[in-house]
Structure formats: C-alpha cells, structure tokens
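Data block below; observations after.
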Amino acid sequence: MSLVAKRYAQALFDTAVDKNVVDEVFDEFSTVIDLFKSEEKLMNLMLTPSINTSEKKEILNRVYGEESINLYLKNFLNILLDKNRFEYVEEINETFRQLVFPYKNTVEAVVKTAVPLDETLRAALEKNLEKRFDKKVILKNQIDESIIGGAVVYVGDQIIDGSIKNQLNQMKTQMNSLRL
C-alpha cells in the first residue's frame, strides 16, 4: 500500500465521517471501481496524458451525471484528476475499505466452494460467521473446483478449511504416518 493511497484514503474517510456519509461513499466508491475494472477503455481515458483534466472531468460527468454519485466522492475523483493521482484510484479504494470496515464493525469474508452457494446456505454461513467474529460479515463466494466439496472460508488472516480436499490430505498424512 503506497503512501499516496494511505493519505488520499484517509482524507476521503475523514470527510465521509465528518459529513456522516460513510455508507453512501463506501457503496458508491465500490461501484465506481467496479465500473473502471470492467470498462478498461474508460480507465485508459482517465490515465491518458494527452487528454486534459477538464475533458476527463467532463467524461466522468457524462458517465455519472450531475447527481448520480455522492458530491464528496465526485469532488474526490476530480481532485485525483487535478493532482494526477487517478492511477491510484483502485489502491485508494482498497485502503479506504480497510478504514471503513473497523469503523462499521464489519469484516470481509471469502468462501471458496466447488459450486456456487445457494442463498439459504449463504445466509446461514453469514449468520454463523457474524456470531463467531461478533461483527457484520460481507461474504463473497468464489468458485474453486479443486476443493472437490465443502468450503474454505477466509476471514482476515484466519482460514476455516472444511473442504473435502483438506480432509483427504489429512487422511493421507495419517495413513503415511502409520507403521505396519
């Protein structure tokens, strides 16, 4: 994480807290980043040195309209353009997320499964993780067919491995340690 990302993320976070718009800025900033990740040409336009800053701001205005994103976030994106720091926008978003999660008593969890989780199972897992960690959990499901079945859950630096692949590896280790 760069010093630039830390400083800009902290500034955005402080403003969002002061203006009581943390949730709104958090959600909208994530949406903005998703757009830039999915529309590579748009991100390339923002990073093109031959396009002047006012044209880049106009492009952002056309994409988001006058009132479709939070005013503070819109001003923040304009400042990134003014200061030639737009290349850090994804890193700033990640750093901003790391500031918001403790503030909102939230943790992000990733569950890897061989097949997508249905909503009932997802909600139950989210509820159990919230009880275990005493925090609100934002759960993301990733598909990894190599785990065969079960699930592997990543919460911060903790791993809860209930995959069939792990169970088979443990049985293999136990079988190898047996002396006949």
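How things are named: the first chain in the structure tokens is A, the next is B, and so on; residues count from 1 in each chain; ligands count from 1 in the order shown.
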
As a short mmCIF file (atom, residue, chain, number, x, y, z; two decimals) with C-alpha atoms, in the first residue's frame, please: the residues near stretch 136-145 of chain A (cut-off 12 Å, only C-alpha atoms, same-chain neighbours under 4 positions excluded).
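Written file, result25.cif:
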```cif
data_model
loop_
_atom_site.label_atom_id
_atom_site.label_comp_id
_atom_site.auth_asym_id
_atom_site.auth_seq_id
_atom_site.Cartn_x
_atom_site.Cartn_y
_atom_site.Cartn_z
CA ARG A 97 -12.25 -0.15 2.61
CA PHE A 101 -14.50 -1.98 7.99
CA PRO A 102 -13.30 -1.40 11.58
CA TYR A 103 -15.35 1.80 11.76
CA LYS A 104 -18.51 -0.12 10.85
CA ASN A 105 -17.52 -3.23 12.87
CA THR A 106 -17.52 -5.21 9.65
CA VAL A 107 -15.26 -7.89 8.23
CA GLU A 108 -14.99 -9.23 4.71
CA ALA A 109 -15.01 -12.99 4.27
CA VAL A 110 -14.38 -15.10 1.19
CA VAL A 111 -15.85 -18.57 0.95
CA LYS A 112 -14.45 -20.89 -1.69
CA THR A 113 -16.74 -23.68 -2.80
CA ALA A 114 -16.78 -26.18 -5.65
CA VAL A 115 -20.22 -24.94 -6.73
CA PRO A 116 -21.98 -21.61 -6.11
CA LEU A 117 -23.70 -21.29 -2.72
CA ASP A 118 -27.46 -21.00 -2.77
CA GLU A 119 -28.96 -18.03 -0.90
CA LEU A 121 -26.77 -21.63 2.70
CA ARG A 122 -25.07 -18.30 2.11
CA ALA A 123 -27.30 -16.53 4.64
CA ALA A 124 -26.77 -19.28 7.22
CA LEU A 125 -22.99 -19.16 6.78
CA GLU A 126 -23.02 -15.36 7.04
CA LYS A 127 -25.06 -15.57 10.25
CA ASN A 128 -22.72 -18.16 11.79
CA LEU A 129 -19.64 -16.11 10.89
CA GLU A 130 -21.24 -13.00 12.39
CA LYS A 131 -21.78 -14.88 15.66
CA ARG A 132 -18.25 -16.29 15.65
CA GLY A 149 -16.61 -30.25 -1.97
CA GLY A 150 -17.22 -28.49 1.31
CA ALA A 151 -15.88 -24.98 1.76
CA VAL A 152 -12.83 -22.94 2.69
CA VAL A 153 -13.57 -19.66 4.45
CA TYR A 154 -11.06 -16.80 4.68
CA VAL A 155 -11.75 -14.12 7.28
CA GLY A 156 -8.88 -11.67 7.67
CA SER A 163 -13.04 -28.85 2.20
CA ILE A 164 -13.04 -32.47 1.13
CA LYS A 165 -9.61 -31.89 -0.41
#
```

Do you know which residues are at most 12 Å from stretch 26-31 of chain A counting only C-alpha atoms, after dropping those on the same chain fewer than 3 positions away, and could you put them as a ChimeraX atom specification?
-> /A:9,12-13,15-17,20-23,34-38,64,68-74,76-77,89-101,103-104

Pull the strand (DSSP E) assignments for chain A out of DSSP run on the backbone, and list those residues as number ranges by chain.
-> A: 106-113, 136-143, 151-155, 158-161

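One distance worth recording is that between atom CA of A:Glu58 and atom CA of A:Val25, which is 20.7 Å.
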
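Distances from A:Ile147, A:Ile160, A:Leu80, A:Met175 to A:Arg7 were compared using only C-alpha atoms, and the smallest one belongs to A:Leu80.
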
So which residues of stretch 8-158 of chain A fall under helix (DSSP H, G or I) by DSSP, listed as a ChimeraX atom specification?
-> /A:8-18,22-38,40-47,53-64,71-82,86-103,119-133,145-147

Any chance you could export the current selection's C-alpha atoms as a short mmCIF file (atom, residue, chain, number, x, y, z; two decimals), in the first residue's frame?
```cif
data_model
loop_
_atom_site.label_atom_id
_atom_site.label_comp_id
_atom_site.auth_asym_id
_atom_site.auth_seq_id
_atom_site.Cartn_x
_atom_site.Cartn_y
_atom_site.Cartn_z
CA TYR A 8 -5.96 10.07 -0.02
CA ALA A 9 -7.99 7.24 1.51
CA GLN A 10 -7.63 8.78 4.96
CA ALA A 11 -8.75 12.16 3.62
CA LEU A 12 -11.83 10.63 1.96
CA PHE A 13 -12.60 8.61 5.09
CA ASP A 14 -12.29 11.65 7.38
CA THR A 15 -14.58 13.67 5.12
CA ALA A 16 -17.14 10.85 4.94
CA VAL A 17 -17.14 10.51 8.73
CA ASP A 18 -17.43 14.28 9.25
CA VAL A 22 -19.58 6.72 5.18
CA ASP A 23 -22.05 4.07 3.97
CA GLU A 24 -23.02 6.03 0.87
CA VAL A 25 -19.42 6.83 -0.11
CA PHE A 26 -18.34 3.24 0.61
CA ASP A 27 -21.04 1.75 -1.63
CA GLU A 28 -20.65 4.27 -4.43
CA PHE A 29 -16.84 4.14 -4.42
CA SER A 30 -17.05 0.35 -4.80
CA THR A 31 -19.45 0.80 -7.72
CA VAL A 32 -17.12 3.33 -9.35
CA ILE A 33 -14.17 0.95 -9.02
CA ASP A 34 -16.20 -1.95 -10.44
CA LEU A 35 -17.02 0.22 -13.47
CA PHE A 36 -13.36 1.13 -14.03
CA LYS A 37 -12.34 -2.52 -13.70
CA SER A 38 -14.99 -3.70 -16.16
CA GLU A 40 -10.82 -0.80 -19.26
CA LYS A 41 -11.17 1.81 -22.01
CA LEU A 42 -12.70 4.27 -19.54
CA MET A 43 -9.80 3.79 -17.14
CA ASN A 44 -7.35 4.22 -20.00
CA LEU A 45 -9.05 7.52 -20.92
CA MET A 46 -8.60 8.75 -17.35
CA LEU A 47 -4.91 7.86 -17.47
CA THR A 53 -8.06 17.34 -16.92
CA SER A 54 -11.19 19.29 -17.80
CA GLU A 55 -12.02 16.81 -20.57
CA LYS A 56 -11.52 13.92 -18.15
CA LYS A 57 -13.85 15.59 -15.65
CA GLU A 58 -16.42 16.05 -18.41
CA ILE A 59 -16.16 12.35 -19.26
CA LEU A 60 -16.80 11.49 -15.59
CA ASN A 61 -19.78 13.86 -15.56
CA ARG A 62 -21.23 12.17 -18.62
CA VAL A 63 -20.72 8.72 -17.12
CA TYR A 64 -22.18 9.57 -13.70
CA LEU A 71 -20.92 15.00 -4.12
CA TYR A 72 -17.93 14.33 -1.84
CA LEU A 73 -16.93 11.27 -3.86
CA LYS A 74 -17.34 13.18 -7.11
CA ASN A 75 -15.15 16.01 -5.78
CA PHE A 76 -12.64 13.45 -4.55
CA LEU A 77 -12.38 11.87 -8.02
CA ASN A 78 -11.94 15.34 -9.51
CA ILE A 79 -9.11 16.05 -7.05
CA LEU A 80 -7.42 12.81 -8.11
CA LEU A 81 -7.62 14.04 -11.70
CA ASP A 82 -6.33 17.52 -10.77
CA PHE A 86 -6.02 8.80 -10.73
CA GLU A 87 -3.73 5.83 -11.34
CA TYR A 88 -4.00 5.14 -7.59
CA VAL A 89 -7.81 5.06 -7.51
CA GLU A 90 -8.10 1.27 -7.06
CA GLU A 91 -5.44 1.20 -4.37
CA ILE A 92 -7.09 4.16 -2.64
CA ASN A 93 -10.40 2.30 -2.71
CA GLU A 94 -8.84 -0.77 -1.10
CA THR A 95 -7.20 1.36 1.60
CA PHE A 96 -10.50 3.20 2.14
CA ARG A 97 -12.25 -0.15 2.61
CA GLN A 98 -9.68 -1.12 5.24
CA LEU A 99 -10.51 2.08 7.13
CA VAL A 100 -14.28 1.65 6.84
CA PHE A 101 -14.50 -1.98 7.99
CA PRO A 102 -13.30 -1.40 11.58
CA TYR A 103 -15.35 1.80 11.76
CA GLU A 119 -28.96 -18.03 -0.90
CA THR A 120 -30.19 -20.09 2.07
CA LEU A 121 -26.77 -21.63 2.70
CA ARG A 122 -25.07 -18.30 2.11
CA ALA A 123 -27.30 -16.53 4.64
CA ALA A 124 -26.77 -19.28 7.22
CA LEU A 125 -22.99 -19.16 6.78
CA GLU A 126 -23.02 -15.36 7.04
CA LYS A 127 -25.06 -15.57 10.25
CA ASN A 128 -22.72 -18.16 11.79
CA LEU A 129 -19.64 -16.11 10.89
CA GLU A 130 -21.24 -13.00 12.39
CA LYS A 131 -21.78 -14.88 15.66
CA ARG A 132 -18.25 -16.29 15.65
CA PHE A 133 -16.48 -12.99 14.93
CA GLU A 145 -13.46 -26.83 -8.21
CA SER A 146 -10.15 -28.18 -6.89
CA ILE A 147 -11.52 -28.32 -3.32
#
```

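Here atom CA of A:Met1 is placed at a distance of 14.3 Å from atom CA of A:Arg85.
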